[in-house]
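Right, one structure below, let's go through it.
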Amino acid sequence: MKKPLVGALFTVLLIGAGIAPATAAAGHDAAETGTVQAKLRPKAVNFAGTVALSNCSGSVVRTPDSQPSDPALVLSNGHCMESGFPGPGEVVFDQPSTRSFTLLNASGSGVGTLRASKIAYGTMTDTDISVYQLTRTYAQIESSYGIKALELNTAHPVQGTAITVVSGYWKRTYACNVDGFVYRLKEGEWTWKDSVRYTSACQTIGGTSGSPVIDNATGKVVAVNNTGNEDGQQCTDNNPCEVDESGNVTVRQGINYAQETYGIVPCIGAGNKFDLGRPGCALPKP
């Protein structure tokens, strides 16, 4: 895991910032070509809607069907929960929480504090996510701070997509592409399914856990950053390994990973309430 920055058990992973701006590549020297590229260039990804936790990163998120009057949701990693790492097979569901989050604006400045009312869902089984329900609605947050939630994409990510990992904790961005997908990503006791593998440019560090992974073209969240192989060990803590459908193991030292988020959307119903019995919801159940 991209270790939470808290306690003696979790030291900061410093494998290099690898920071890159979230803008598209510059055009060629010709003025006309540059003008055309500028028109086609996606909007630069910024920090608006991201949050800083005490030890991790996160973001205020919504589904396509979320309403302004719904209580807002914050997405981060399961291993970032204040209750500690959930064990294999463990699901935290609808549990009270008063955790606070620092909301960031586009430039990465903290503009206010948001507070949870509960952990709506959290697990490190099959995926590595936590979703907090807040005490304030999307409309209240937008009215107070002028900041909209990031939208969760409803489709599986696509190989080759240009992405940006946006860390509210460090106020840094990491730009790269989706390199591919991992059938099973195994780290210590935990196994995650269909994980996103970044190209090597995304050298995320400790504290980036829970950062939204944003599709540069759409601005939507396609995954949540969660781990990377630090020193080439095989399938150990902080050294995840890739396992294919035949059981073959591959170790990629220095490569980092994320967990897809499109599967969260079918599990959220009216009023932003998690309902694990909804059609299409495949998240692990308590």
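How things are named: the first chain in the structure tokens is A, the next is B, and so on; residues count from 1 in each chain; ligands count from 1 in the order shown.
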
Give me, as a PyMOL selection string, the residues of range 33-262 of chain A that a backbone DSSP run labels alpha helix (DSSP H). chain A and resi 33-40+138-145

Residues near range 264-266 of chain A, anyone? I mean within 7 Å using only C-alpha atoms, not counting same-chain ones fewer than 6 positions away, as a count of residues only. 6

Can you tell me, as a list in words, what residues are no more than 7 Å from range 139-144 of chain A when counting only C-alpha atoms, ignoring any on the same chain fewer than 4 positions away?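 Using only C-alpha atoms, the neighbours found are Pro68, Ser69 and Lys148 of chain A.
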
Quote the spacing between CA of Asp237 in chain A and CA of Gly207 in chain A in Å to one decimal place. 16.0 Å

Could you list, as a PyMOL selection string, every residue within 9 Å of range 48-56 of chain A, counting only C-alpha atoms and ignoring same-chain residues fewer than 6 positions away? chain A and resi 2-6+74+76-77+80+99-108+110+114+147-150+166-171+206-212

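What separates CA of Gly232 in chain A from CA of Leu75 in chain A is a distance of 29.0 Å.
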
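For Gln259 in chain A, the list of residues within 6 Å, based on only C-alpha atoms and with local chain neighbours fewer than 2 positions off taken out, reads Ser195, Val196, Ala223 and Val224 of chain A.
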
Store the residues of this selection in a file with N, CA, C and O atoms, as a PDB file, in the first residue's frame.
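Saved as out07.pdb:
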ATOM      1  N   SER A 195      -6.955  -4.799 -11.225  1.00  0.00           N
ATOM      2  CA  SER A 195      -6.347  -3.529 -10.825  1.00  0.00           C
ATOM      3  C   SER A 195      -5.778  -2.783 -12.029  1.00  0.00           C
ATOM      4  O   SER A 195      -5.422  -3.381 -13.051  1.00  0.00           O
ATOM      5  N   VAL A 196      -5.682  -1.464 -11.896  1.00  0.00           N
ATOM      6  CA  VAL A 196      -5.071  -0.620 -12.921  1.00  0.00           C
ATOM      7  C   VAL A 196      -3.566  -0.542 -12.669  1.00  0.00           C
ATOM      8  O   VAL A 196      -3.138  -0.246 -11.550  1.00  0.00           O
ATOM      9  N   ALA A 223     -10.477   5.528 -11.102  1.00  0.00           N
ATOM     10  CA  ALA A 223      -9.820   4.608 -10.157  1.00  0.00           C
ATOM     11  C   ALA A 223      -9.375   5.396  -8.934  1.00  0.00           C
ATOM     12  O   ALA A 223      -9.475   6.626  -8.897  1.00  0.00           O
ATOM     13  N   VAL A 224      -8.889   4.654  -7.931  1.00  0.00           N
ATOM     14  CA  VAL A 224      -8.352   5.267  -6.719  1.00  0.00           C
ATOM     15  C   VAL A 224      -6.964   4.677  -6.462  1.00  0.00           C
ATOM     16  O   VAL A 224      -6.787   3.455  -6.424  1.00  0.00           O
TER      17      VAL A 224
END

Extract the full set of strand (DSSP E or B) residues from range 51-264 of chain A according to DSSP on the backbone, and format it as a PyMOL selection string. chain A and resi 51-52+57-62+71-76+91-96+100-104+110-123+126+129-137+150-152+162-167+172-187+190-198+212-215+221-228+236+239+241-243+249-250+256-260

If you keep C-alpha atoms, can you produce a file of those selected residues as a short mmCIF file (atom, residue, chain, number, x, y, z; two decimals), in the first residue's frame?
data_model
loop_
_atom_site.label_atom_id
_atom_site.label_comp_id
_atom_site.auth_asym_id
_atom_site.auth_seq_id
_atom_site.Cartn_x
_atom_site.Cartn_y
_atom_site.Cartn_z
CA VAL A 51 -9.42 16.40 0.06
CA ALA A 52 -6.56 15.87 2.47
CA SER A 57 -5.65 11.63 0.10
CA GLY A 58 -9.23 11.50 -1.16
CA SER A 59 -11.94 13.27 -3.11
CA VAL A 60 -15.56 14.38 -2.88
CA VAL A 61 -17.38 12.19 -5.40
CA ARG A 62 -20.83 11.73 -6.86
CA PRO A 71 -25.32 13.95 1.54
CA ALA A 72 -21.93 14.19 -0.16
CA LEU A 73 -19.50 11.27 -0.31
CA VAL A 74 -15.70 11.15 0.09
CA LEU A 75 -13.71 8.39 -1.62
CA SER A 76 -10.36 7.10 -0.32
CA VAL A 91 -16.26 -5.23 5.09
CA VAL A 92 -17.03 -2.09 7.10
CA PHE A 93 -20.58 -1.01 6.36
CA ASP A 94 -22.70 1.87 7.65
CA GLN A 95 -20.53 2.59 10.69
CA PRO A 96 -20.48 5.95 12.55
CA SER A 100 -12.61 15.40 9.13
CA PHE A 101 -11.31 16.26 5.65
CA THR A 102 -9.68 19.43 4.34
CA LEU A 103 -11.38 20.47 1.09
CA LEU A 104 -9.07 21.88 -1.58
CA GLY A 110 -7.49 24.35 1.80
CA VAL A 111 -10.78 26.22 1.83
CA GLY A 112 -12.74 24.46 4.56
CA THR A 113 -13.27 21.40 6.70
CA LEU A 114 -15.77 18.68 5.87
CA ARG A 115 -16.85 16.10 8.41
CA ALA A 116 -18.11 12.55 8.06
CA SER A 117 -21.26 11.21 9.63
CA LYS A 118 -20.35 7.59 8.85
CA ILE A 119 -18.22 5.18 6.89
CA ALA A 120 -20.77 4.10 4.32
CA TYR A 121 -18.52 1.36 2.95
CA GLY A 122 -14.94 0.17 3.33
CA THR A 123 -12.95 -2.93 2.45
CA ASP A 126 -11.19 -7.52 -4.06
CA ILE A 129 -11.78 1.55 -1.04
CA SER A 130 -13.47 3.55 1.67
CA VAL A 131 -16.48 5.80 1.09
CA TYR A 132 -17.49 8.26 3.80
CA GLN A 133 -20.87 9.98 3.97
CA LEU A 134 -20.58 13.62 5.00
CA THR A 135 -22.77 15.80 7.20
CA ARG A 136 -23.21 18.30 4.35
CA THR A 137 -24.90 17.98 0.97
CA LEU A 150 -15.91 14.79 -9.01
CA GLU A 151 -18.07 12.33 -10.92
CA LEU A 152 -17.41 8.59 -10.85
CA ALA A 162 -4.09 9.58 -20.24
CA ILE A 163 -4.68 9.94 -16.50
CA THR A 164 -3.71 12.15 -13.59
CA VAL A 165 -3.36 11.02 -9.97
CA VAL A 166 -4.28 14.00 -7.77
CA SER A 167 -3.00 13.91 -4.19
CA ARG A 172 0.84 17.13 -6.10
CA THR A 173 -0.25 15.59 -9.37
CA TYR A 174 1.24 12.66 -11.26
CA ALA A 175 0.57 12.33 -14.99
CA CYS A 176 0.88 9.07 -16.93
CA ASN A 177 -1.25 6.54 -18.80
CA VAL A 178 -3.13 3.35 -18.03
CA ASP A 179 -0.52 0.71 -18.90
CA GLY A 180 -2.84 -2.24 -18.46
CA PHE A 181 -4.90 -4.29 -16.05
CA VAL A 182 -3.89 -6.94 -13.53
CA TYR A 183 -6.04 -10.07 -13.16
CA ARG A 184 -5.05 -10.38 -9.49
CA LEU A 185 -2.80 -8.03 -7.54
CA LYS A 186 -1.55 -9.69 -4.37
CA GLU A 187 0.06 -7.84 -1.46
CA TRP A 190 -4.78 -8.99 0.52
CA THR A 191 -5.78 -9.73 -3.07
CA TRP A 192 -7.35 -7.19 -5.44
CA LYS A 193 -9.12 -7.94 -8.70
CA ASP A 194 -8.69 -6.24 -12.08
CA SER A 195 -6.35 -3.53 -10.82
CA VAL A 196 -5.07 -0.62 -12.92
CA ARG A 197 -1.33 -0.58 -13.63
CA TYR A 198 0.23 2.80 -14.40
CA PRO A 212 -8.54 10.00 -7.33
CA VAL A 213 -7.26 8.80 -10.69
CA ILE A 214 -8.81 11.13 -13.23
CA ASP A 215 -9.33 10.56 -16.95
CA VAL A 221 -12.74 9.46 -11.64
CA VAL A 222 -11.82 6.05 -13.07
CA ALA A 223 -9.82 4.61 -10.16
CA VAL A 224 -8.35 5.27 -6.72
CA ASN A 225 -4.58 5.14 -6.19
CA ASN A 226 -3.48 2.54 -3.65
CA THR A 227 -0.11 0.79 -3.94
CA GLY A 228 3.21 0.13 -5.65
CA THR A 236 4.86 -8.94 0.40
CA ASN A 239 5.58 -5.08 -2.70
CA CYS A 241 2.89 -8.84 -7.33
CA GLU A 242 0.79 -9.50 -10.40
CA VAL A 243 -0.84 -12.91 -10.77
CA VAL A 249 3.58 -14.25 -10.94
CA THR A 250 5.21 -11.04 -12.22
CA ASN A 256 2.34 1.65 -9.07
CA TYR A 257 -1.30 0.66 -9.13
CA ALA A 258 -4.88 1.75 -8.54
CA GLN A 259 -8.27 0.15 -7.98
CA GLU A 260 -11.09 0.71 -10.45
#

Which distance in Å separates CA of His79 in chain A and CA of Cys235 in chain A, to one decimal? 16.8 Å

So, with only C-alpha atoms as the atoms that count, which of A:Asn238, A:Gln159, A:Ser246, A:Ser66 lies closest to Gly188 in chain A?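 Looking only at the distances to Gly188 in chain A, the closest residue turns out to be A:Asn238.
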